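Heads up, the thing below is written out as structure tokens.
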Amino acid sequence: MINNDSTEPRPDFISIRNFSFFYGKKQALFDISMDIPERQVTAFIGPSGCGKSTLLRNLNRMNDLIDDIHHEGDIVIHNKSIYDPHIEVISLRKRVGMVFQKSNPFPKSIYENVVYPLRVAGQNKKSILDETVERSLKGAALWDEAKDRLHESALSLSGGQMQRLCIARAIANRPEILLMDEPCSALDPIATVKVEELIRELKEEFTIVIVTHNMQQATRCSDRTAFFYLGKLIELDDTQKLFSNPASKQTEDYITGRFG
Amino acid sequence: MEPKRHILTSFESALENLRKDVLMMSSLFQRSLENARKGLFDRDEDWCNTVIVDDEEIDSLEIQVDTEGMEIMLRYHPVASDLRNVISAMKTSVNIERAADQAVGIARRARKLCAVQAIPDSSRIQPMFQHTMAMFADAMKAYADGDPALSETLKPRDKELDEMNRNFAESITSLMPTNPDSIRGMLELIFVARCLERIGDLAKNIAEDTIYAVSVKDIRHTNQAQPR
């Protein structure tokens, strides 16, 4: 079981070190250094184009899928560089799950959506799959709503339920880290509240990094918040401190809406 | 440097209106305290009655400030300096309203004093009035200007006012044996001094809230007397 090797959460579970990132010649991230603590929620905020999603997508090397990109510096998870030549990207992505802005269930049953990552890994034992479905749907606070319709199409679920199904799928393989890229931006307020509550619960087991444009969401869900602007990390602090007394004038101007 | 204006102009206006209402409350209170002073020293009941009537307007403004503050929080979810300024405005309005109640207390006692023989040496309370009014004016100037340095001066000045109050009570009490007919009036004057001392406390509270709003430094309950 992941995270059981130590009772004390590591303050530098993810360590981003002098990290710069380039799309071709265009530099998107500039010399970012920050630590992301284990089993806490860290929010990335900032205006569009500030690099927050780019950085998030580097944490599981999703950006590798884009042509003509390169980076400088390093990202270290649990004392090991994710760019280590011995690291397999597939296994990295198993350890670092991701939930996207728009829910993207497969056109399969609820059950098959959740067990998909296990089937891809060659696991077909029914008892394990059943256990995973129940555990993951409970973890994603969807079990009570879905337990009697597991073999119905996932596309029959509501938008909020679909997003929680995607979270269930993301945690089915027991990743260490969960990346969330604006997970509530397409949801109504009630579904948003459910996902936010889920995020608070999931941090007991997972290290969560969430990109959000909704600053109230960052204040409600996260323990720490990082503010980015023009590809630079401007400020990283406890959420309560950053939203009540930011150290940087740029952060203050952004969060109070005096930007631009 | 002037802070940048908010992108949302309605938010900017709401914050500005809140601030203006707090400053209006302060002006009304300062006028009431001056009227109470005139009522006491000119032995004029009309000034005293004016203070009592004007208190209603200050009470209404307190409610208005609360409503506006709540609405800003509800509509705009202020954070950082905006949040601190809204909270500071709401707390300051409470302190002004309480100070205004003390002005009413002074006016009521002054009205009673108008009905009795003039108290010997009652002018000894005059420096306390001046000190209190200057303290309050500076607390509100510091609030309006966001001036923590001026706010910092309020705490020692409040201690001076406490000392003036003690001295005044002692000096008036010492006159009582030789002026038995004026004892009742002298007690009223001691209560007036107590009201001024209380206004000084409230001015100090306003200054503390301003310091927090501007420099996020909480100086409340610091330098308290050591336990015996």
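All residue names refer to the structure tokens as shown: chains lettered A, B, ... in order, residues numbered from 1 in each chain, ligands numbered from 1 in order.
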
Residue list for chain A near chain B as a list in words, 9 Å, only C-alpha atoms: Gln216, Lys241, Leu242, Phe243, Ser244, Asn245, Pro246, Glu252, Asp253, Ile255, Thr256, Gly257, Arg258, Phe259 and Gly260 of chain A

Please produce a file of those selected residues containing C-alpha atoms, as a PDB file, in the first residue's frame.
ATOM      1  CA  GLN A 216     -12.734  30.446  -3.677  1.00  0.00           C
ATOM      2  CA  LYS A 241      -1.692  33.094   4.588  1.00  0.00           C
ATOM      3  CA  LEU A 242      -1.618  33.666   0.831  1.00  0.00           C
ATOM      4  CA  PHE A 243      -5.265  34.715   0.683  1.00  0.00           C
ATOM      5  CA  SER A 244      -5.191  36.885   3.811  1.00  0.00           C
ATOM      6  CA  ASN A 245      -1.751  38.430   3.645  1.00  0.00           C
ATOM      7  CA  PRO A 246       0.158  37.678   0.457  1.00  0.00           C
ATOM      8  CA  GLU A 252      -2.279  40.700  -3.918  1.00  0.00           C
ATOM      9  CA  ASP A 253      -3.266  42.433  -7.163  1.00  0.00           C
ATOM     10  CA  ILE A 255      -6.322  37.649  -5.941  1.00  0.00           C
ATOM     11  CA  THR A 256      -8.092  40.927  -5.187  1.00  0.00           C
ATOM     12  CA  GLY A 257      -8.911  41.462  -8.855  1.00  0.00           C
ATOM     13  CA  ARG A 258      -6.657  44.461  -9.421  1.00  0.00           C
ATOM     14  CA  PHE A 259      -4.861  42.787 -12.235  1.00  0.00           C
ATOM     15  CA  GLY A 260      -4.183  43.844 -15.774  1.00  0.00           C
TER      16      GLY A 260
END

In chain B, DSSP alpha helix (DSSP H) residues written as a count of residues only: 180

Straight-line distance linking CA of Ser91 in chain A with CA of Met62 in chain A, stated in Å to one decimal: 12.5 Å

Within 12 Å of Gln130 in chain B using only C-alpha atoms, minus same-chain residues under 6 positions, as a list in words: Gln30, Leu33, Glu34, Arg37, Ser123, Arg124, Phe136, Ala137, Leu161, Met164, Ala193, Leu196, Glu197 and Gly200 of chain B

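The smallest atom-to-atom distance between Leu202 in chain B and any of B:Glu152, B:Glu97, B:Glu163, B:Glu56, using only C-alpha atoms, is found for B:Glu97.
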
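What separates CA of Ile110 in chain A from CA of Lys126 in chain A is a distance of 15.2 Å.
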
Sel. of strand (DSSP E) residues, range 5-247 of chain A, as a count of residues only: 64

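Using only C-alpha atoms, the residues found no farther than 7 Å from range 181-192 of chain A, other than those of its own chain fewer than 5 positions away, are Ser53, Val99, Phe100, Gln101, Lys102, Gly159, Gly160, Ile210, Val211 and Thr212 of chain A.
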
Which residue of B:Gln126, B:Thr67, B:Asn17, B:Ser27 approaches Asp54 in chain B most closely, using only C-alpha atoms: B:Ser27

One-decimal distance in Å that lies between CA of Thr92 in chain B and CA of Phe168 in chain B: 28.5 Å

Contact residues around range 64-74 of chain A with only C-alpha atoms at 9 Å, ignoring same-chain residues under 3 positions, as a PyMOL selection string: chain A and resi 15-25+29+31-32+58+61+81-83

Take the residues that were just selected and, keeping N, CA, C and O atoms, output them as a tab-separated table (two decimals), in the first residue's frame.
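Generated output (selection_9.tsv):
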chain	number	residue	atom	x	y	z
A	15	SER	N	9.51	17.38	-5.53
A	15	SER	CA	10.44	18.50	-5.46
A	15	SER	C	10.76	18.97	-6.88
A	15	SER	O	11.33	18.22	-7.67
A	16	ILE	N	10.33	20.19	-7.15
A	16	ILE	CA	10.57	20.76	-8.48
A	16	ILE	C	11.81	21.65	-8.36
A	16	ILE	O	11.83	22.56	-7.52
A	17	ARG	N	12.81	21.36	-9.16
A	17	ARG	CA	14.10	22.02	-8.95
A	17	ARG	C	14.57	22.76	-10.20
A	17	ARG	O	14.87	22.14	-11.22
A	18	ASN	N	14.60	24.07	-10.10
A	18	ASN	CA	15.09	24.93	-11.19
A	18	ASN	C	14.52	24.48	-12.54
A	18	ASN	O	15.24	24.34	-13.51
A	19	PHE	N	13.24	24.27	-12.55
A	19	PHE	CA	12.61	23.68	-13.73
A	19	PHE	C	12.17	24.76	-14.72
A	19	PHE	O	11.43	25.68	-14.38
A	20	SER	N	12.65	24.62	-15.95
A	20	SER	CA	12.20	25.48	-17.05
A	20	SER	C	11.66	24.57	-18.14
A	20	SER	O	12.13	23.44	-18.30
A	21	PHE	N	10.67	25.10	-18.89
A	21	PHE	CA	10.06	24.25	-19.91
A	21	PHE	C	9.83	25.07	-21.16
A	21	PHE	O	9.45	26.25	-21.10
A	22	PHE	N	10.05	24.45	-22.31
A	22	PHE	CA	9.98	25.15	-23.59
A	22	PHE	C	9.08	24.40	-24.56
A	22	PHE	O	9.21	23.19	-24.71
A	23	TYR	N	8.16	25.14	-25.21
A	23	TYR	CA	7.46	24.61	-26.38
A	23	TYR	C	8.22	25.15	-27.58
A	23	TYR	O	8.09	26.33	-27.92
A	24	GLY	N	9.02	24.34	-28.21
A	24	GLY	CA	9.88	24.85	-29.28
A	24	GLY	C	10.81	25.89	-28.70
A	24	GLY	O	11.50	25.65	-27.71
A	25	LYS	N	10.77	27.11	-29.30
A	25	LYS	CA	11.63	28.17	-28.78
A	25	LYS	C	10.95	28.98	-27.68
A	25	LYS	O	11.58	29.79	-27.01
A	29	LEU	N	7.90	27.99	-18.85
A	29	LEU	CA	8.17	28.00	-17.41
A	29	LEU	C	9.60	28.46	-17.18
A	29	LEU	O	10.51	28.06	-17.92
A	31	ASP	N	12.55	28.60	-14.48
A	31	ASP	CA	13.33	28.33	-13.27
A	31	ASP	C	12.44	28.15	-12.02
A	31	ASP	O	12.63	28.83	-11.01
A	32	ILE	N	11.50	27.24	-12.13
A	32	ILE	CA	10.57	27.00	-11.00
A	32	ILE	C	11.23	26.07	-9.99
A	32	ILE	O	11.71	25.00	-10.35
A	58	ASN	N	3.59	18.43	-16.47
A	58	ASN	CA	4.95	17.90	-16.41
A	58	ASN	C	5.12	16.90	-15.26
A	58	ASN	O	6.05	16.11	-15.28
A	61	ARG	N	4.59	13.84	-16.84
A	61	ARG	CA	5.19	13.86	-18.18
A	61	ARG	C	4.15	13.73	-19.30
A	61	ARG	O	4.42	13.16	-20.35
A	81	SER	N	14.15	11.15	-9.68
A	81	SER	CA	13.83	12.04	-10.79
A	81	SER	C	12.85	11.35	-11.75
A	81	SER	O	13.03	10.19	-12.10
A	82	ILE	N	11.83	12.10	-12.17
A	82	ILE	CA	10.89	11.51	-13.14
A	82	ILE	C	11.52	11.45	-14.52
A	82	ILE	O	10.97	10.82	-15.42
A	83	TYR	N	12.66	12.11	-14.68
A	83	TYR	CA	13.36	12.07	-15.97
A	83	TYR	C	14.51	11.06	-15.96
A	83	TYR	O	15.27	10.99	-16.91

Pick from B:Ile199, B:Leu40, B:Val65, B:Ala115 nearest to Lys91 in chain B, counting only C-alpha atoms: B:Val65

So which residues touch Val41 in chain A within 10 Å, counting only C-alpha atoms, skipping near sequence neighbours fewer than 5 positions away, as a PDB file with C-alpha atoms, in the first residue's frame?
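Written out: selection16.pdb:
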ATOM      1  CA  ILE A  36       4.884  19.875  -2.776  1.00  0.00           C
ATOM      2  CA  LEU A 178      -3.564  12.894  -8.102  1.00  0.00           C
ATOM      3  CA  LEU A 179      -3.333  15.791 -10.533  1.00  0.00           C
ATOM      4  CA  ILE A 199     -10.751  16.318  -2.593  1.00  0.00           C
ATOM      5  CA  ARG A 200     -10.568  17.020   1.155  1.00  0.00           C
ATOM      6  CA  LEU A 202      -8.819  12.019  -0.785  1.00  0.00           C
ATOM      7  CA  LYS A 203      -5.883  13.924   0.665  1.00  0.00           C
ATOM      8  CA  GLU A 204      -5.852  11.475   3.563  1.00  0.00           C
ATOM      9  CA  PHE A 206      -3.153  10.934  -1.911  1.00  0.00           C
ATOM     10  CA  THR A 207      -0.989  13.926  -2.601  1.00  0.00           C
ATOM     11  CA  ILE A 208      -3.178  16.242  -4.651  1.00  0.00           C
ATOM     12  CA  VAL A 209      -2.221  19.059  -6.992  1.00  0.00           C
ATOM     13  CA  ILE A 210      -5.101  21.047  -8.401  1.00  0.00           C
ATOM     14  CA  ALA A 218      -8.514  27.125  -3.867  1.00  0.00           C
ATOM     15  CA  CYS A 221      -9.886  22.891  -0.850  1.00  0.00           C
ATOM     16  CA  SER A 222      -6.184  23.481  -0.601  1.00  0.00           C
ATOM     17  CA  ASP A 223      -3.618  23.533   2.169  1.00  0.00           C
ATOM     18  CA  ARG A 224      -1.038  25.405   0.119  1.00  0.00           C
ATOM     19  CA  THR A 225      -1.365  27.669  -2.874  1.00  0.00           C
ATOM     20  CA  THR A 239      -3.453  28.970   1.545  1.00  0.00           C
TER      21      THR A 239
END

Within 12 Å of Val22 in chain B using only C-alpha atoms, minus same-chain residues under 3 positions, as a VMD selection string: chain B and resid 15 to 19 25 to 29 58 to 66 68 to 69 85 to 97 140 to 141 143 to 144 206
